[in-house]
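K.L.:
Coordinates in entry.pdb, PDB, C-alpha atoms, pLDDT in the B column, are listed below.
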ATOM      1  CA  MET A   1    -200.224-129.589 -72.866  1.00 49.00           C
ATOM      2  CA  SER A   2    -197.242-127.477 -73.755  1.00 49.00           C
ATOM      3  CA  ALA A   3    -193.848-129.097 -73.294  1.00 58.00           C
ATOM      4  CA  SER A   4    -192.545-125.785 -71.944  1.00 78.00           C
ATOM      5  CA  ILE A   5    -194.368-126.121 -68.605  1.00 88.00           C
ATOM      6  CA  GLU A   6    -191.875-126.484 -65.777  1.00 93.00           C
ATOM      7  CA  SER A   7    -192.161-126.915 -62.062  1.00 95.00           C
ATOM      8  CA  ARG A   8    -190.780-124.170 -59.845  1.00 94.00           C
ATOM      9  CA  LEU A   9    -188.944-126.594 -57.598  1.00 95.00           C
ATOM     10  CA  PRO A  10    -187.579-130.126 -57.907  1.00 94.00           C
ATOM     11  CA  ASP A  11    -189.408-133.133 -56.502  1.00 93.00           C
ATOM     12  CA  PRO A  12    -189.480-132.806 -52.690  1.00 93.00           C
ATOM     13  CA  MET A  13    -188.721-136.520 -52.402  1.00 91.00           C
ATOM     14  CA  GLN A  14    -185.107-135.675 -53.267  1.00 91.00           C
ATOM     15  CA  PHE A  15    -184.862-133.702 -50.038  1.00 94.00           C
ATOM     16  CA  PHE A  16    -187.468-135.448 -47.872  1.00 93.00           C
ATOM     17  CA  PRO A  17    -187.926-139.118 -48.811  1.00 93.00           C
ATOM     18  CA  GLU A  18    -190.185-139.515 -45.764  1.00 95.00           C
ATOM     19  CA  VAL A  19    -192.855-137.507 -47.630  1.00 92.00           C
ATOM     20  CA  GLY A  20    -193.519-140.702 -49.587  1.00 92.00           C
ATOM     21  CA  THR A  21    -194.123-142.551 -46.327  1.00 95.00           C
ATOM     22  CA  ILE A  22    -196.411-139.775 -45.104  1.00 94.00           C
ATOM     23  CA  ALA A  23    -198.357-139.729 -48.378  1.00 93.00           C
ATOM     24  CA  GLY A  24    -198.698-143.509 -48.330  1.00 95.00           C
ATOM     25  CA  ALA A  25    -199.903-143.522 -44.719  1.00 96.00           C
ATOM     26  CA  MET A  26    -202.412-140.758 -45.432  1.00 96.00           C
ATOM     27  CA  THR A  27    -203.754-142.640 -48.433  1.00 95.00           C
ATOM     28  CA  LYS A  28    -204.025-145.856 -46.444  1.00 97.00           C
ATOM     29  CA  ALA A  29    -205.837-144.021 -43.636  1.00 97.00           C
ATOM     30  CA  THR A  30    -208.339-142.339 -45.955  1.00 97.00           C
ATOM     31  CA  HIS A  31    -208.984-145.376 -48.129  1.00 97.00           C
ATOM     32  CA  ASN A  32    -210.110-147.484 -45.177  1.00 98.00           C
ATOM     33  CA  GLY A  33    -213.529-148.328 -46.635  1.00 98.00           C
ATOM     34  CA  ALA A  34    -215.485-146.063 -44.279  1.00 98.00           C
ATOM     35  CA  ILE A  35    -216.485-143.779 -47.152  1.00 98.00           C
ATOM     36  CA  PRO A  36    -216.534-144.482 -50.897  1.00 98.00           C
ATOM     37  CA  ALA A  37    -213.329-143.804 -52.812  1.00 97.00           C
ATOM     38  CA  ILE A  38    -215.327-141.578 -55.173  1.00 98.00           C
ATOM     39  CA  THR A  39    -216.324-139.366 -52.234  1.00 98.00           C
ATOM     40  CA  ILE A  40    -212.651-138.993 -51.291  1.00 98.00           C
ATOM     41  CA  ILE A  41    -211.763-137.868 -54.808  1.00 98.00           C
ATOM     42  CA  LEU A  42    -214.758-135.500 -54.990  1.00 98.00           C
ATOM     43  CA  ILE A  43    -213.687-133.877 -51.703  1.00 98.00           C
ATOM     44  CA  GLN A  44    -210.130-133.506 -52.950  1.00 97.00           C
ATOM     45  CA  LEU A  45    -211.202-132.121 -56.321  1.00 98.00           C
ATOM     46  CA  ARG A  46    -213.467-129.572 -54.637  1.00 98.00           C
ATOM     47  CA  ALA A  47    -210.606-128.565 -52.321  1.00 98.00           C
ATOM     48  CA  GLY A  48    -208.316-128.114 -55.324  1.00 97.00           C
ATOM     49  CA  GLN A  49    -210.927-125.973 -57.042  1.00 97.00           C
ATOM     50  CA  ILE A  50    -211.434-123.791 -53.968  1.00 97.00           C
ATOM     51  CA  ALA A  51    -207.673-123.354 -53.493  1.00 96.00           C
ATOM     52  CA  GLY A  52    -207.163-122.551 -57.175  1.00 96.00           C
ATOM     53  CA  SER A  53    -204.826-125.497 -57.688  1.00 96.00           C
ATOM     54  CA  THR A  54    -204.621-126.473 -61.341  1.00 96.00           C
ATOM     55  CA  TYR A  55    -202.448-129.436 -60.402  1.00 96.00           C
ATOM     56  CA  HIS A  56    -205.029-130.915 -58.008  1.00 96.00           C
ATOM     57  CA  THR A  57    -207.961-130.034 -60.233  1.00 97.00           C
ATOM     58  CA  VAL A  58    -206.385-131.885 -63.163  1.00 97.00           C
ATOM     59  CA  ARG A  59    -205.182-134.803 -61.015  1.00 96.00           C
ATOM     60  CA  GLN A  60    -208.468-135.434 -59.207  1.00 97.00           C
ATOM     61  CA  THR A  61    -210.508-134.991 -62.403  1.00 98.00           C
ATOM     62  CA  GLU A  62    -208.328-137.622 -64.073  1.00 97.00           C
ATOM     63  CA  LEU A  63    -208.850-139.977 -61.102  1.00 97.00           C
ATOM     64  CA  LEU A  64    -212.635-139.497 -61.298  1.00 98.00           C
ATOM     65  CA  ARG A  65    -212.632-140.276 -65.022  1.00 98.00           C
ATOM     66  CA  LYS A  66    -210.525-143.398 -64.450  1.00 97.00           C
ATOM     67  CA  ALA A  67    -213.039-144.465 -61.783  1.00 97.00           C
ATOM     68  CA  GLY A  68    -215.846-144.179 -64.349  1.00 97.00           C
ATOM     69  CA  GLU A  69    -217.447-140.978 -63.118  1.00 97.00           C
ATOM     70  CA  THR A  70    -219.699-139.161 -65.561  1.00 97.00           C
ATOM     71  CA  GLU A  71    -218.677-135.899 -67.161  1.00 97.00           C
ATOM     72  CA  GLU A  72    -221.901-134.376 -65.789  1.00 97.00           C
ATOM     73  CA  ARG A  73    -220.872-135.042 -62.181  1.00 97.00           C
ATOM     74  CA  ILE A  74    -217.330-133.831 -62.759  1.00 98.00           C
ATOM     75  CA  ALA A  75    -218.448-130.666 -64.545  1.00 98.00           C
ATOM     76  CA  ALA A  76    -221.191-129.932 -62.002  1.00 98.00           C
ATOM     77  CA  LEU A  77    -218.952-130.185 -58.933  1.00 98.00           C
ATOM     78  CA  PRO A  78    -218.437-126.402 -58.548  1.00 97.00           C
ATOM     79  CA  SER A  79    -222.235-126.021 -58.515  1.00 97.00           C
ATOM     80  CA  TRP A  80    -222.963-129.178 -56.490  1.00 98.00           C
ATOM     81  CA  ARG A  81    -225.572-127.427 -54.321  1.00 97.00           C
ATOM     82  CA  ASP A  82    -227.901-127.016 -57.323  1.00 97.00           C
ATOM     83  CA  ALA A  83    -226.841-130.066 -59.322  1.00 97.00           C
ATOM     84  CA  PRO A  84    -228.994-133.224 -59.216  1.00 97.00           C
ATOM     85  CA  TYR A  85    -226.000-135.581 -59.478  1.00 97.00           C
ATOM     86  CA  PHE A  86    -224.860-135.901 -55.861  1.00 98.00           C
ATOM     87  CA  THR A  87    -226.099-137.993 -52.948  1.00 98.00           C
ATOM     88  CA  ASP A  88    -226.983-136.499 -49.578  1.00 98.00           C
ATOM     89  CA  ALA A  89    -223.801-138.012 -48.118  1.00 98.00           C
ATOM     90  CA  GLU A  90    -221.656-136.519 -50.882  1.00 98.00           C
ATOM     91  CA  ARG A  91    -223.351-133.148 -50.359  1.00 98.00           C
ATOM     92  CA  ALA A  92    -222.546-133.227 -46.644  1.00 98.00           C
ATOM     93  CA  ALA A  93    -218.906-134.095 -47.414  1.00 98.00           C
ATOM     94  CA  LEU A  94    -218.670-131.297 -49.980  1.00 98.00           C
ATOM     95  CA  GLU A  95    -220.246-128.836 -47.585  1.00 98.00           C
ATOM     96  CA  LEU A  96    -217.671-129.819 -44.950  1.00 98.00           C
ATOM     97  CA  VAL A  97    -214.683-129.281 -47.241  1.00 98.00           C
ATOM     98  CA  GLU A  98    -216.072-125.933 -48.366  1.00 97.00           C
ATOM     99  CA  ALA A  99    -216.684-124.895 -44.755  1.00 97.00           C
ATOM    100  CA  VAL A 100    -213.124-125.791 -43.752  1.00 97.00           C
ATOM    101  CA  LEU A 101    -211.490-124.036 -46.720  1.00 96.00           C
ATOM    102  CA  THR A 102    -213.711-120.962 -47.021  1.00 94.00           C
ATOM    103  CA  PRO A 103    -213.282-118.097 -44.556  1.00 91.00           C
ATOM    104  CA  ASN A 104    -216.425-117.179 -42.651  1.00 88.00           C
ATOM    105  CA  PRO A 105    -216.042-113.672 -41.250  1.00 89.00           C
ATOM    106  CA  SER A 106    -219.382-113.858 -39.465  1.00 86.00           C
ATOM    107  CA  GLY A 107    -218.934-117.013 -37.445  1.00 86.00           C
ATOM    108  CA  GLU A 108    -217.749-120.548 -37.020  1.00 91.00           C
ATOM    109  CA  ARG A 109    -216.634-122.322 -40.186  1.00 94.00           C
ATOM    110  CA  VAL A 110    -218.179-125.670 -39.230  1.00 96.00           C
ATOM    111  CA  PRO A 111    -221.303-124.840 -37.253  1.00 94.00           C
ATOM    112  CA  ASP A 112    -223.167-127.403 -35.155  1.00 95.00           C
ATOM    113  CA  GLU A 113    -225.900-127.640 -37.798  1.00 96.00           C
ATOM    114  CA  LEU A 114    -223.444-128.709 -40.483  1.00 96.00           C
ATOM    115  CA  TYR A 115    -221.789-131.194 -38.147  1.00 97.00           C
ATOM    116  CA  ALA A 116    -225.239-132.614 -37.254  1.00 98.00           C
ATOM    117  CA  ARG A 117    -226.117-133.075 -40.951  1.00 97.00           C
ATOM    118  CA  ALA A 118    -222.846-134.897 -41.578  1.00 98.00           C
ATOM    119  CA  ALA A 119    -223.165-136.982 -38.381  1.00 98.00           C
ATOM    120  CA  ALA A 120    -226.644-138.086 -39.462  1.00 98.00           C
ATOM    121  CA  LEU A 121    -225.132-139.559 -42.640  1.00 98.00           C
ATOM    122  CA  TYR A 122    -221.753-140.823 -41.440  1.00 98.00           C
ATOM    123  CA  ASP A 123    -220.685-142.850 -38.405  1.00 98.00           C
ATOM    124  CA  GLU A 124    -217.718-141.725 -36.297  1.00 98.00           C
ATOM    125  CA  LYS A 125    -215.106-143.625 -38.317  1.00 98.00           C
ATOM    126  CA  ALA A 126    -216.505-142.182 -41.542  1.00 98.00           C
ATOM    127  CA  LEU A 127    -216.501-138.667 -40.043  1.00 98.00           C
ATOM    128  CA  TRP A 128    -212.862-139.094 -39.059  1.00 98.00           C
ATOM    129  CA  THR A 129    -212.161-140.369 -42.576  1.00 98.00           C
ATOM    130  CA  LEU A 130    -213.729-137.203 -44.011  1.00 98.00           C
ATOM    131  CA  ILE A 131    -211.597-135.086 -41.666  1.00 98.00           C
ATOM    132  CA  LEU A 132    -208.418-136.963 -42.641  1.00 97.00           C
ATOM    133  CA  THR A 133    -209.329-136.666 -46.343  1.00 98.00           C
ATOM    134  CA  ILE A 134    -209.638-132.894 -46.007  1.00 98.00           C
ATOM    135  CA  GLY A 135    -206.382-132.828 -44.028  1.00 96.00           C
ATOM    136  CA  GLN A 136    -204.618-134.913 -46.662  1.00 96.00           C
ATOM    137  CA  ILE A 137    -205.478-132.558 -49.513  1.00 97.00           C
ATOM    138  CA  CYS A 138    -204.688-129.532 -47.323  1.00 96.00           C
ATOM    139  CA  PHE A 139    -201.232-131.015 -46.706  1.00 95.00           C
ATOM    140  CA  PHE A 140    -200.541-131.124 -50.448  1.00 94.00           C
ATOM    141  CA  ILE A 141    -202.206-127.887 -51.603  1.00 96.00           C
ATOM    142  CA  PRO A 142    -199.200-125.701 -50.602  1.00 95.00           C
ATOM    143  CA  VAL A 143    -196.925-128.077 -52.519  1.00 94.00           C
ATOM    144  CA  ALA A 144    -199.031-127.592 -55.644  1.00 95.00           C
ATOM    145  CA  LEU A 145    -199.441-123.832 -55.278  1.00 96.00           C
ATOM    146  CA  ILE A 146    -195.821-123.038 -54.437  1.00 96.00           C
ATOM    147  CA  ALA A 147    -193.670-125.756 -56.073  1.00 95.00           C
ATOM    148  CA  LYS A 148    -196.014-126.081 -59.082  1.00 95.00           C
ATOM    149  CA  PRO A 149    -195.673-129.744 -60.065  1.00 94.00           C
ATOM    150  CA  ILE A 150    -196.684-130.229 -63.695  1.00 94.00           C
ATOM    151  CA  PRO A 151    -200.411-130.985 -64.086  1.00 94.00           C
ATOM    152  CA  GLY A 152    -201.302-134.207 -65.854  1.00 92.00           C
ATOM    153  CA  ARG A 153    -197.973-135.897 -65.284  1.00 91.00           C
ATOM    154  CA  PRO A 154    -197.797-139.074 -63.174  1.00 88.00           C
ATOM    155  CA  LEU A 155    -196.396-138.934 -59.660  1.00 86.00           C
ATOM    156  CA  GLY A 156    -192.622-139.111 -59.718  1.00 85.00           C
ATOM    157  CA  LYS A 157    -192.563-137.510 -63.193  1.00 90.00           C
ATOM    158  CA  ASN A 158    -194.373-134.285 -62.354  1.00 92.00           C
ATOM    159  CA  TYR A 159    -191.308-132.156 -61.576  1.00 93.00           C
ATOM    160  CA  SER A 160    -188.962-130.775 -64.225  1.00 90.00           C
ATOM    161  CA  LYS A 161    -186.389-129.047 -62.045  1.00 79.00           C
ATOM    162  CA  VAL A 162    -183.233-130.748 -60.828  1.00 77.00           C
ATOM    163  CA  ALA A 163    -182.078-130.407 -57.243  1.00 76.00           C
ATOM    164  CA  GLU A 164    -178.757-128.670 -56.930  1.00 73.00           C
ATOM    165  CA  GLY A 165    -176.224-131.463 -57.290  1.00 62.00           C
ATOM    166  CA  GLY A 166    -179.003-134.024 -57.836  1.00 57.00           C
ATOM    167  CA  LEU A 167    -180.662-136.007 -60.569  1.00 52.00           C
ATOM    168  CA  PRO A 168    -183.819-134.904 -62.418  1.00 48.00           C
ATOM    169  CA  GLY A 169    -186.983-135.491 -60.382  1.00 42.00           C
TER     170      GLY A 169
END
Any chance you could put this one into structure tokens?

P.N.:
Amino acid sequence: MSASIESRLPDPMQFFPEVGTIAGAMTKATHNGAIPAITIILIQLRAGQIAGSTYHTVRQTELLRKAGETEERIAALPSWRDAPYFTDAERAALELVEAVLTPNPSGERVPDELYARAAALYDEKALWTLILTIGQICFFIPVALIAKPIPGRPLGKNYSKVAEGGLPG
């Protein structure tokens, strides 16, 4: 990665330290054991891909690799519908995130049929966990698209700008 990549804005934690508390609470809520951690990361990677977020695509791909995911599954995620690498539960979760993030000019984004497929595979706590997982990544997508944290850098070191009158982020 080129050393010349810079963020557009400084780390938001300099202005809003409570974002760390929010992020921690969201992570705790989603990693409650109701769905596998890999499913959470797959959902968030697919959301990043749909939104065109290089930051989230790089970050979630790195997390999948660290978790031992195969390159085939990671590479096949954009074509998950045709790929043989995903479970029925993962497919339902991926279909949900795509439905939420993809405009549907001809009708409801999450139709009853999709909800029924997901509900057949996940109990109510797991469904809420899926919803919160999608909400968590949707909370951070605008940060990535507008502020442009530096892809591949660890949290807390992914901003190059300095807040006016502040220390480097």

K.L.:
Could you list, as a PyMOL selection string, every residue matched by the PyMOL selection byres ((chain A and resi 154-159) around 8) in this structure?

P.N.:
chain A and resi 6-7+9-11+149-153+160-161+169

K.L.:
Given the choices A:Glu69, A:Ala119, A:Cys138, A:Gln44, which gets closest to Asp88 of chain A if the distance is worked out from all atoms listed in the file?

P.N.:
A:Ala119

K.L.:
Using all atoms listed in the file, which of the listed residues (A:Ala37, A:Thr133, A:Leu114, A:Leu94) sits closest to Lys66 of chain A?

P.N.:
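Of A:Ala37, A:Thr133, A:Leu114, A:Leu94, the one nearest Lys66 of chain A is A:Ala37, counting all atoms listed in the file.
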
K.L.:
If the PyMOL selection byres ((chain A and resi 38) around 9) is run on the structure shown, which residues does it catch, given as number ranges by chain?

P.N.:
A: 35-37, 39-43, 63-64, 67, 69

K.L.:
What separation in Å, quoted to one decimal, exists between atom CA of Leu45 of chain A and atom CA of Phe15 of chain A?

P.N.:
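Atom CA of Leu45 of chain A sits 27.1 Å away from atom CA of Phe15 of chain A.
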
K.L.:
Atom CA of Ala126 of chain A and atom CA of Ala34 of chain A are how many Å apart?

P.N.:
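Distance between the two atoms: 4.9 Å.
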
K.L.:
Would you pick out the contacts of Glu124 of chain A at 12 Å or less, using all atoms listed in the file, so that residues sharing its chain but fewer than 6 positions from it are not included, and give the list as a PyMOL selection string?

P.N.:
chain A and resi 34-35+115-116+118+130-131

K.L.:
I'd like the interatomic distance between atom CA of Gln14 of chain A and atom CA of Gln49 of chain A, to a tenth of an Å.

P.N.:
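For atom CA of Gln14 of chain A relative to atom CA of Gln49 of chain A, the distance reads 27.8 Å.
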
K.L.:
Extending 6 Å beyond the listed atoms of segment 131-137 of chain A on each side, what axis-aligned box results? I want centre and edge lengths in Å to one decimal, as lines of an AutoDock Vina configuration file.

P.N.:
center_x = -208.1
center_y = -134.8
center_z = -45.6
size_x = 19.0
size_y = 16.4
size_z = 19.8

K.L.:
If the PyMOL selection byres ((chain A and resi 97-108) around 8) were run on this exact file, what residues would it hold? Put them as a list of chain:residue names.

P.N.:
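Evaluating the PyMOL selection byres ((chain A and resi 97-108) around 8) on this file yields A:Ile43, A:Arg46, A:Ala47, A:Ile50, A:Ala51, A:Ala93, A:Leu94, A:Glu95, A:Leu96, A:Arg109, A:Val110, A:Pro111, A:Ile134.
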
K.L.:
Tell me which of A:Pro142, A:Tyr55, A:Leu132, A:Trp80 sits closest to Ile5 of chain A, counting all atoms listed in the file.

P.N.:
A:Tyr55

K.L.:
Step by step: start from the point (-205.2, -125.1, -55.0) in the file's coordinates, keep every protein, DNA or RNA residue that has an atom no farther than 6 Å from it, count all atoms listed in the file, and write the set as a list in words.

P.N.:
Gly48, Ala51, Gly52, Ser53, Ile141 and Leu145 of chain A

K.L.:
Hey, what's within 12 Å of Arg81 of chain A if we count all atoms listed in the file and toss same-chain stuff fewer than 2 positions away? As a compact mmCIF listing (two decimals) with C-alpha atoms, in the coordinates of the input, please?

P.N.:
# COMPACT_ATOMS: atom_id res chain seq x y z
CA ARG A 73 -220.87 -135.04 -62.18
CA ALA A 76 -221.19 -129.93 -62.00
CA LEU A 77 -218.95 -130.18 -58.93
CA PRO A 78 -218.44 -126.40 -58.55
CA SER A 79 -222.24 -126.02 -58.52
CA ALA A 83 -226.84 -130.07 -59.32
CA PRO A 84 -228.99 -133.22 -59.22
CA TYR A 85 -226.00 -135.58 -59.48
CA PHE A 86 -224.86 -135.90 -55.86
CA THR A 87 -226.10 -137.99 -52.95
CA ASP A 88 -226.98 -136.50 -49.58
CA GLU A 90 -221.66 -136.52 -50.88
CA ARG A 91 -223.35 -133.15 -50.36
CA ALA A 92 -222.55 -133.23 -46.64
CA ALA A 93 -218.91 -134.10 -47.41
CA LEU A 94 -218.67 -131.30 -49.98
CA GLU A 95 -220.25 -128.84 -47.58
CA GLU A 98 -216.07 -125.93 -48.37

K.L.:
Which is closest to Phe139 of chain A among A:Lys125, A:His31, A:Arg8, A:His56, if we use only C-alpha atoms?

P.N.:
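The answer is A:His56, which sits nearest to Phe139 of chain A.
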